[in-house]
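This report concerns only the one structure given below.
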Amino acid sequence: MLSLIVFLPLAAALALVLAPRLGDTAARWSWVAVAGVDLALVVAVWWQYETPAEEQLAFEQRAEWIPGVNSSYHIGVDGLSLPLIAMTAVIFLACAVYALRDTNRPRLQSALFLFLQSVSMGLFVSADLILFFVFFDLSIVAMYFVIAGWGHGDAARSALKFFLYTFLGSLALLVGFIGLYIAADPHTFDMVELSEQTPLAGSSLAGGLVLAAILIGLAVKTPTVPFHTWLPPAHTDAPAVGSAVLAGVLLKMGTYGFVRIAMPMLPDAWRAWAWVVIVVGIVSVIYGALVALAQTDLKRMIAYTSVNHMGYIALAVGAAGLVAGDTAEARSIAVTGAVTQMVSHGLITGALFLLAGVLHDRANSYDMDAYGGLAAPAPRFAALFALGAFASLGLPGFSGFIAEFQIFTGSIAAAPATAIAVVGILITAALFLRSLQRIFTGHTRGKSTGFGDLHPAELWSVGSLLLLSVLIGVFPRPLLDVIEPASEVLIDLVGR
Amino acid sequence: MTHTLTEAALWLLVLLPAVVGAALALSRLERAAAVVSLVTATLTAVLALIVAFGRPEMSVPFMAGSDFALGVDALSALVVPMVAVVTLLVVVFAAGEIRESQGRFHGLMLLFAAAALVTATAQSLPALLFSWEVMGATSFALIGFWWRDDQRVSAGVTAFVTTRTADVGMYVAAGAAVAGGSGLALADLAGSSASWRHVIAAGLLVAALGKAAQLPFSFWLSRAMEGPSPVSALLHSAAMVAMGGYLLLRVEPLLAATGWAAGAAAWVGAATALLLGTVAVAQRDLKQLLAASTSAQLGFVVMAAGLGTVSGGAAHLLAHASTKALLFLAAGAWLTALGPKRLAGLRGVARRWRLLGVTATAGALSLAGIAPLALWATKDAVLAAALEESPLLYAVGLAAAALSAAYAGKILMVVWRPVPLDEQAEVEGHHDEEQQGTRHIGPLEQAPLVVLALGALVLGALALPPVGDTVARTMAEEPLHPAPLELAVSALIALAVVGSVWWRRRVPEPRWALGWLGLEHITHVVVVRPTVRIAERLARFDDQVLDRAVTRSATGALTAARGMAAFDDTVVDGSVEAVSRSSLSAAERSARGDNRWLDGTVERVASWTRGLGRLARRPQTGQLHQYYIQAVAVLAIGVLLLLTVR
């Protein structure tokens, strides 16, 4: 079942590439159809999902792949990955719907995105480091072509910067993986076995170095301060759907690595370096929010709020490493919040980037001051943007609140000094309300005149992402019931 | 009434306005929206009465190991109907007043009401924080309802960001509650471990002071007056601001358990009552005056929470809600009809619309603390508790009460005193300053005022025996009776102040109080501007240092690569070339040598061999005699050799 979810989009992508005479409309709709089927399959998996026993995965599949280095095609899901797989499927479907209006080489674009969907799905179900790494790198390659091929502005340069930066990061990650492999006895790349073995548990130096390599690799992809500078140009010049996938799905590959690889496989080193992760998280939260506050370009602003939002995740997983006395419950709350945040940020920021794409589509500018009073000609656009803005600033009723409340509650209880990060929600509140005010209120002026309101494709894609965010915000239990057992297991693993 | 029925009523109470409100806010209904909203608000008010008597409790699992818990106890049994009834009355008023984007307006109002009702019934911190912040967000949207005017939207931003600043305290309190082992249920917070209890109390205190527009957060309420009057009537009298005071009443045991938080609340409340009372006296705009007086009156509620008299605080909350909603609606009606910006444009207005004038007078008299109206009794219930605690606190409270008589007297003087003929032109000159007046006040605008005026007249009973005693006992408190002397003193002070304002026709308007103590300016200078400046610096740092460092190291890598390429071309490749050249020439040389020497030798050997072969072929003639001669010769040579060697 999982393999089908992973490779169905790839098969469709190949079919699209091999059918050069397929019409544009057919290509676009087949993308929507395949993404829809993939989402349906994920829903079916969620429906049948039962929390697996500790150290095990649900829907596990294993086949021989590279026996020489003990690397196998090993996939499966648990409470950490299932929500991300579902989120990925949703975002790709939303992008497929949004792109229905796109006229720029739709067949190739659909193929590329389907390929990227396969890669993303594959990463989140991987239970083998080599498999993980292959998907990790392929995601970078695919996104490079998305930005370079369908971007605007200085797309080639931004794409190259994105590629080189994140590719270098992935090399650091590879070094860390090889370190784990060498330290393991017997040597293996299997994630489940590595989590059981916890190689390098005894040696703090080697463990620290391997963790450092992995952390740098993940920090570039996440990204956290100071490795974030590839993000704003990549987002600014990427097409709307590319930005949505980049922010919604690709950034999560970094944060997912924290909870899937770094924490369970290197618990000793993680505990030893927890404060570093916390500090990086807090700096990312406040720095990202402040820099976002100073932006005049909407897309850059949203990009920096991503740095802020990813900072909350780093903060929470760092706090989870502060093993002490009776804080296990608090730390588990923090990890649950972090995973919720991954899902929530995907939905909300995905929606915001799609909305930002509307600005480019209609008036070819992301400069907030070029607009004003846009609510008059585009009331639906204004309403959805306002909802997205409030969702992103962590307003209760949206998924962001569920995530951030748990992150703060758990982190503050585990480490009171982390309370300083709460300032982040204040600055994001100010910056989103300011951007709302700049673009949408006041007298209609500048590029707002004659601005066309949302088309159905835009309305449905963005609307459904926000609707999901509201559903999670109001009824969080179905999601938390999946995540919470996995967080508790993770806290046990880190505490070993 | 069965248990499950009241539970269902509680669910409906919060879900009905929430769902209908969300639907209306996204719809484009106009007139129909008002009707839907009226029906919803009426049903909500009925449900509120049902739960007030049924006292249901319920909870569903939510997050962080805590429930989304709602319940109605003695305190919320008073506050929930208050919120629902004032909502209904304001919606009736707004049905006559708001003529554009009615779907959005009524939707947001209902959403807000739902949030306020959840706040009033919340039993756990997640549920409380949930509704607490939704109230803030809807208030942003309602204050900035007329979004074409930039300054109104800015006012909404100020309100939301300021109250959210205070809300940070509630997030911290939640973390502290988990750390302190008490869990997130509001009733258990006081049982937290001692050190964390301080953090929880401090966090909740800050959050409540922010919402209640107490010092130093009061300024947002001034800006909030940019919103439509019905918004002020609901948000800034019966809900939102009132919820700040309500929260402190709700967690009064926690405040008392810390040893300092209760005292802090009492003094902040008293200081706000005094200072914002002065601000109110100094205002020249009716809505600004009412806003400042809201802060001041909430000061009494906050004081009550600090002094441990929950019943007194709750009574004051209700009496104030009724009184202030009435006055805000009256102000709104006058504003719509005449459009003045300043009080000067309202001179004698009570004589023009009599019913409105009379009801507003009831409100103003209650606000002034004239016996036996509502606020007179409820305020004295709080002051009696203050006297038990500290005479100084009592004195401050009494001074604040005198100030409320002064600003209420100012309203009365302005709206009732006949305008001399020679000044009428000046008054009319102030009309239509703010907006074009309609010169019309309809029945929908007037009916709610009558109900509210009734409240302003009789709600004082909540603080007086016998009703007051019952209320106190349901809250497990010993009834506190203000001494007759205290009641008389405060009533006399109120009368004296109102009388003096009336006869002297003016009140002192201290300049320092006119601008709300400069609080907003100070916040801008101390917090907002530095933050924005830091943000800009950091953004520059990000572009010019961090990003450039990355670009530079990439360029550096490129330069290094070029250098290496050159090195590769000249040195590595050069040496390879040199090696290959030399090996080529060596090869050539060896090839030549090969030709000359090796090959030559081989050739020569071959030709020698050929020659030898030819030579060897010669003797083989096939003729016997020649073989014999050869054999003889060889033999002879052999013999010769043999002989010589031996």
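Going by the structure tokens order, chains are called A, B, ..., each with residues numbered from 1, while ligands are numbered from 1 in the order shown.
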A:Ala421 environment, 7 Å, only C-alpha atoms, sequence neighbours closer than 4 positions dropped, as a PyMOL selection string: chain A and resi 282+285-286
Interface list for chain B, partner chain A, 8 Å threshold, only C-alpha atoms, as JSON, numbers by chain: {"B": [26, 61, 62, 63, 64, 65, 129, 130, 131, 133, 134, 137, 147, 148, 149, 150, 153, 154, 157, 161, 164, 165, 168, 171, 172, 174, 175, 176, 177, 178, 179, 180, 531, 532, 534, 535, 536, 538, 539, 542, 546, 547, 550]}
All residues 7 Å or closer to B:Asp285, only C-alpha atoms, same chain fewer than 3 positions away omitted, as a PyMOL selection string: chain B and resi 288-289+341-343
Name the residues of stretch 398-456 of chain B that fall into alpha helix (DSSP H) according to DSSP on the backbone, using the chain letters and numbers of this document, as a compact mmCIF listing (two decimals) with all heavy atoms, in the first residue's frame.
# COMPACT_ATOMS: atom_id res chain seq x y z
N LEU B 398 -12.65 55.76 47.05
CA LEU B 398 -13.68 56.79 47.24
C LEU B 398 -13.42 57.99 46.33
O LEU B 398 -14.35 58.55 45.73
CB LEU B 398 -13.69 57.23 48.71
CG LEU B 398 -15.01 57.77 49.25
CD1 LEU B 398 -16.11 56.71 49.09
CD2 LEU B 398 -14.86 58.17 50.71
N ALA B 399 -12.14 58.34 46.21
CA ALA B 399 -11.79 59.44 45.30
C ALA B 399 -12.17 59.07 43.87
O ALA B 399 -12.71 59.90 43.11
CB ALA B 399 -10.30 59.73 45.40
N ALA B 400 -11.91 57.82 43.51
CA ALA B 400 -12.27 57.37 42.16
C ALA B 400 -13.78 57.43 41.97
O ALA B 400 -14.27 57.78 40.90
CB ALA B 400 -11.75 55.96 41.94
N ALA B 401 -14.53 57.11 43.04
CA ALA B 401 -16.00 57.18 42.96
C ALA B 401 -16.44 58.62 42.74
O ALA B 401 -17.34 58.89 41.94
CB ALA B 401 -16.60 56.62 44.24
N ALA B 402 -15.76 59.54 43.42
CA ALA B 402 -16.10 60.95 43.22
C ALA B 402 -15.84 61.37 41.79
O ALA B 402 -16.62 62.11 41.17
CB ALA B 402 -15.28 61.81 44.19
N LEU B 403 -14.73 60.85 41.21
CA LEU B 403 -14.43 61.17 39.81
C LEU B 403 -15.51 60.64 38.88
O LEU B 403 -15.88 61.28 37.90
CB LEU B 403 -13.08 60.58 39.42
CG LEU B 403 -11.86 61.31 39.98
CD1 LEU B 403 -10.60 60.52 39.71
CD2 LEU B 403 -11.76 62.70 39.35
N SER B 404 -16.04 59.44 39.19
CA SER B 404 -17.09 58.93 38.30
C SER B 404 -18.32 59.81 38.38
O SER B 404 -19.01 60.00 37.38
CB SER B 404 -17.40 57.45 38.59
OG SER B 404 -17.55 57.22 39.95
N ALA B 405 -18.58 60.35 39.55
CA ALA B 405 -19.70 61.30 39.64
C ALA B 405 -19.40 62.52 38.78
O ALA B 405 -20.29 63.07 38.12
CB ALA B 405 -19.91 61.71 41.09
N ALA B 406 -18.13 62.94 38.75
CA ALA B 406 -17.77 64.13 37.98
C ALA B 406 -17.97 63.90 36.49
O ALA B 406 -18.58 64.71 35.79
CB ALA B 406 -16.33 64.53 38.28
N TYR B 407 -17.46 62.76 35.98
CA TYR B 407 -17.60 62.60 34.51
C TYR B 407 -19.03 62.27 34.12
O TYR B 407 -19.49 62.68 33.04
CB TYR B 407 -16.57 61.64 33.90
CG TYR B 407 -16.43 60.24 34.48
CD1 TYR B 407 -17.43 59.29 34.31
CD2 TYR B 407 -15.24 59.85 35.11
CE1 TYR B 407 -17.27 58.00 34.80
CE2 TYR B 407 -15.08 58.56 35.60
CZ TYR B 407 -16.10 57.63 35.44
OH TYR B 407 -15.94 56.36 35.90
N ALA B 408 -19.74 61.54 35.00
CA ALA B 408 -21.15 61.30 34.67
C ALA B 408 -21.92 62.61 34.71
O ALA B 408 -22.79 62.88 33.87
CB ALA B 408 -21.74 60.28 35.63
N GLY B 409 -21.59 63.45 35.70
CA GLY B 409 -22.24 64.76 35.80
C GLY B 409 -21.96 65.59 34.56
O GLY B 409 -22.82 66.33 34.07
N LYS B 410 -20.76 65.46 34.02
CA LYS B 410 -20.40 66.21 32.82
C LYS B 410 -21.32 65.82 31.65
O LYS B 410 -21.81 66.68 30.91
CB LYS B 410 -18.94 65.89 32.47
CG LYS B 410 -18.36 66.71 31.34
CD LYS B 410 -16.86 66.43 31.23
CE LYS B 410 -16.26 67.09 30.03
NZ LYS B 410 -14.80 66.89 29.96
N ILE B 411 -21.56 64.52 31.53
CA ILE B 411 -22.46 64.07 30.46
C ILE B 411 -23.84 64.68 30.66
O ILE B 411 -24.44 65.25 29.74
CB ILE B 411 -22.59 62.53 30.46
CG1 ILE B 411 -21.23 61.87 30.27
CG2 ILE B 411 -23.57 62.07 29.38
CD1 ILE B 411 -21.28 60.36 30.41
N LEU B 412 -24.35 64.57 31.89
CA LEU B 412 -25.70 65.07 32.18
C LEU B 412 -25.80 66.55 31.87
O LEU B 412 -26.77 67.01 31.26
CB LEU B 412 -26.05 64.81 33.65
CG LEU B 412 -26.31 63.34 33.98
CD1 LEU B 412 -26.45 63.15 35.48
CD2 LEU B 412 -27.60 62.89 33.27
N MET B 413 -24.77 67.28 32.32
CA MET B 413 -24.80 68.72 32.11
C MET B 413 -24.87 69.05 30.62
O MET B 413 -25.66 69.89 30.19
CB MET B 413 -23.54 69.32 32.74
CG MET B 413 -23.47 70.79 32.54
SD MET B 413 -21.83 71.49 32.45
CE MET B 413 -20.74 70.36 31.82
N VAL B 414 -24.03 68.35 29.85
CA VAL B 414 -23.98 68.65 28.42
C VAL B 414 -25.30 68.33 27.74
O VAL B 414 -25.86 69.15 27.00
CB VAL B 414 -22.83 67.89 27.74
CG1 VAL B 414 -22.95 67.98 26.22
CG2 VAL B 414 -21.49 68.43 28.21
N VAL B 415 -25.84 67.13 27.99
CA VAL B 415 -27.00 66.72 27.19
C VAL B 415 -28.31 67.35 27.66
O VAL B 415 -29.26 67.40 26.90
CB VAL B 415 -27.15 65.18 27.13
CG1 VAL B 415 -25.93 64.55 26.50
CG2 VAL B 415 -27.42 64.60 28.51
N TRP B 416 -28.37 67.82 28.89
CA TRP B 416 -29.63 68.35 29.39
C TRP B 416 -29.70 69.86 29.45
O TRP B 416 -30.76 70.44 29.28
CB TRP B 416 -29.92 67.79 30.80
CG TRP B 416 -30.58 66.43 30.74
CD1 TRP B 416 -30.02 65.26 31.09
CD2 TRP B 416 -31.89 66.13 30.28
NE1 TRP B 416 -30.88 64.23 30.89
CE2 TRP B 416 -32.06 64.74 30.38
CE3 TRP B 416 -32.97 66.90 29.77
CZ2 TRP B 416 -33.24 64.08 30.03
CZ3 TRP B 416 -34.13 66.24 29.42
CH2 TRP B 416 -34.26 64.85 29.54
N GLN B 424 -26.79 78.50 19.79
CA GLN B 424 -27.29 77.37 19.02
C GLN B 424 -26.55 77.17 17.71
O GLN B 424 -26.28 76.04 17.30
CB GLN B 424 -28.79 77.53 18.77
CG GLN B 424 -29.59 76.82 19.85
CD GLN B 424 -31.08 77.03 19.72
OE1 GLN B 424 -31.55 77.73 18.84
NE2 GLN B 424 -31.81 76.41 20.64
N ALA B 425 -26.18 78.23 17.10
CA ALA B 425 -25.47 78.13 15.82
C ALA B 425 -24.13 77.44 16.02
O ALA B 425 -23.73 76.59 15.22
CB ALA B 425 -25.25 79.53 15.24
N GLU B 426 -23.49 77.77 17.17
CA GLU B 426 -22.19 77.15 17.44
C GLU B 426 -22.34 75.65 17.62
O GLU B 426 -21.54 74.87 17.09
CB GLU B 426 -21.61 77.81 18.70
CG GLU B 426 -20.18 77.38 18.96
CD GLU B 426 -19.82 77.59 20.43
OE1 GLU B 426 -20.35 78.52 21.05
OE2 GLU B 426 -19.02 76.78 20.93
N VAL B 427 -23.37 75.24 18.38
CA VAL B 427 -23.60 73.81 18.60
C VAL B 427 -23.84 73.12 17.27
O VAL B 427 -23.27 72.06 16.97
CB VAL B 427 -24.79 73.60 19.55
CG1 VAL B 427 -25.18 72.14 19.60
CG2 VAL B 427 -24.46 74.12 20.95
N GLU B 428 -24.69 73.74 16.44
CA GLU B 428 -24.99 73.10 15.16
C GLU B 428 -23.76 73.06 14.27
O GLU B 428 -23.62 72.18 13.42
CB GLU B 428 -26.14 73.83 14.46
CG GLU B 428 -27.46 73.34 15.02
CD GLU B 428 -28.65 74.19 14.59
OE1 GLU B 428 -28.48 74.93 13.59
OE2 GLU B 428 -29.69 74.13 15.25
N GLY B 429 -22.86 73.99 14.50
CA GLY B 429 -21.61 73.97 13.75
C GLY B 429 -20.79 72.72 14.02
O GLY B 429 -20.00 72.30 13.18
N HIS B 430 -21.00 72.16 15.20
CA HIS B 430 -20.26 70.94 15.53
C HIS B 430 -20.91 69.68 14.97
O HIS B 430 -20.31 68.62 15.02
CB HIS B 430 -20.12 70.80 17.06
CG HIS B 430 -19.15 71.76 17.65
ND1 HIS B 430 -17.82 71.75 17.33
CD2 HIS B 430 -19.30 72.77 18.54
CE1 HIS B 430 -17.19 72.70 18.01
NE2 HIS B 430 -18.09 73.35 18.74
N PRO B 443 -37.06 53.18 16.18
CA PRO B 443 -37.47 52.36 17.33
C PRO B 443 -36.47 51.25 17.66
O PRO B 443 -36.28 50.92 18.82
CB PRO B 443 -38.83 51.79 16.89
CG PRO B 443 -38.85 51.93 15.40
CD PRO B 443 -38.01 53.11 15.07
N LEU B 444 -35.83 50.66 16.63
CA LEU B 444 -34.88 49.59 16.90
C LEU B 444 -33.72 50.10 17.75
O LEU B 444 -33.14 49.36 18.54
CB LEU B 444 -34.33 49.02 15.59
CG LEU B 444 -35.20 47.99 14.88
CD1 LEU B 444 -34.56 47.57 13.58
CD2 LEU B 444 -35.45 46.78 15.78
N GLU B 445 -33.39 51.36 17.57
CA GLU B 445 -32.30 51.92 18.36
C GLU B 445 -32.74 52.24 19.79
O GLU B 445 -31.93 52.24 20.70
CB GLU B 445 -31.77 53.21 17.71
CG GLU B 445 -30.80 52.98 16.55
CD GLU B 445 -31.47 53.18 15.21
OE1 GLU B 445 -32.64 52.79 15.08
OE2 GLU B 445 -30.82 53.74 14.30
N GLN B 446 -34.04 52.51 19.96
CA GLN B 446 -34.47 52.98 21.28
C GLN B 446 -34.91 51.86 22.21
O GLN B 446 -34.67 51.92 23.42
CB GLN B 446 -35.61 53.99 21.12
CG GLN B 446 -35.13 55.22 20.36
CD GLN B 446 -36.10 56.37 20.44
OE1 GLN B 446 -36.80 56.52 21.43
NE2 GLN B 446 -36.15 57.17 19.39
N ALA B 447 -35.48 50.81 21.63
CA ALA B 447 -36.02 49.74 22.49
C ALA B 447 -34.97 49.12 23.41
O ALA B 447 -35.22 48.95 24.61
CB ALA B 447 -36.68 48.67 21.61
N PRO B 448 -33.80 48.78 22.89
CA PRO B 448 -32.82 48.14 23.79
C PRO B 448 -32.43 49.04 24.95
O PRO B 448 -32.12 48.55 26.05
CB PRO B 448 -31.62 47.89 22.89
CG PRO B 448 -32.10 48.04 21.50
CD PRO B 448 -33.28 48.93 21.53
N LEU B 449 -32.48 50.36 24.71
CA LEU B 449 -32.04 51.27 25.76
C LEU B 449 -32.96 51.19 26.97
O LEU B 449 -32.51 51.33 28.12
CB LEU B 449 -32.01 52.70 25.21
CG LEU B 449 -31.03 52.92 24.07
CD1 LEU B 449 -31.05 54.36 23.60
CD2 LEU B 449 -29.62 52.54 24.50
N VAL B 450 -34.21 50.93 26.70
CA VAL B 450 -35.17 50.87 27.81
C VAL B 450 -34.83 49.69 28.72
O VAL B 450 -34.79 49.81 29.95
CB VAL B 450 -36.60 50.74 27.26
CG1 VAL B 450 -37.59 50.60 28.39
CG2 VAL B 450 -36.92 51.94 26.37
N VAL B 451 -34.53 48.54 28.07
CA VAL B 451 -34.20 47.35 28.86
C VAL B 451 -32.93 47.59 29.67
O VAL B 451 -32.85 47.28 30.87
CB VAL B 451 -34.01 46.14 27.93
CG1 VAL B 451 -33.71 44.89 28.75
CG2 VAL B 451 -35.22 45.95 27.05
N LEU B 452 -31.92 48.16 29.00
CA LEU B 452 -30.66 48.40 29.69
C LEU B 452 -30.83 49.40 30.83
O LEU B 452 -30.21 49.26 31.89
CB LEU B 452 -29.61 48.90 28.69
CG LEU B 452 -29.11 47.83 27.70
CD1 LEU B 452 -28.32 48.46 26.58
CD2 LEU B 452 -28.28 46.79 28.44
N ALA B 453 -31.67 50.39 30.60
CA ALA B 453 -31.90 51.38 31.66
C ALA B 453 -32.51 50.71 32.89
O ALA B 453 -32.17 51.03 34.03
CB ALA B 453 -32.83 52.48 31.14
N LEU B 454 -33.39 49.76 32.61
CA LEU B 454 -33.96 49.00 33.72
C LEU B 454 -32.85 48.33 34.53
O LEU B 454 -32.86 48.36 35.77
CB LEU B 454 -34.90 47.94 33.14
CG LEU B 454 -36.17 47.65 33.92
CD1 LEU B 454 -37.03 48.90 34.01
CD2 LEU B 454 -36.94 46.51 33.25
N GLY B 455 -31.90 47.74 33.82
CA GLY B 455 -30.77 47.10 34.49
C GLY B 455 -29.98 48.11 35.30
O GLY B 455 -29.59 47.85 36.44
N ALA B 456 -29.76 49.28 34.70
CA ALA B 456 -28.97 50.30 35.39
C ALA B 456 -29.69 50.77 36.65
O ALA B 456 -29.08 51.24 37.60
CB ALA B 456 -28.71 51.48 34.46
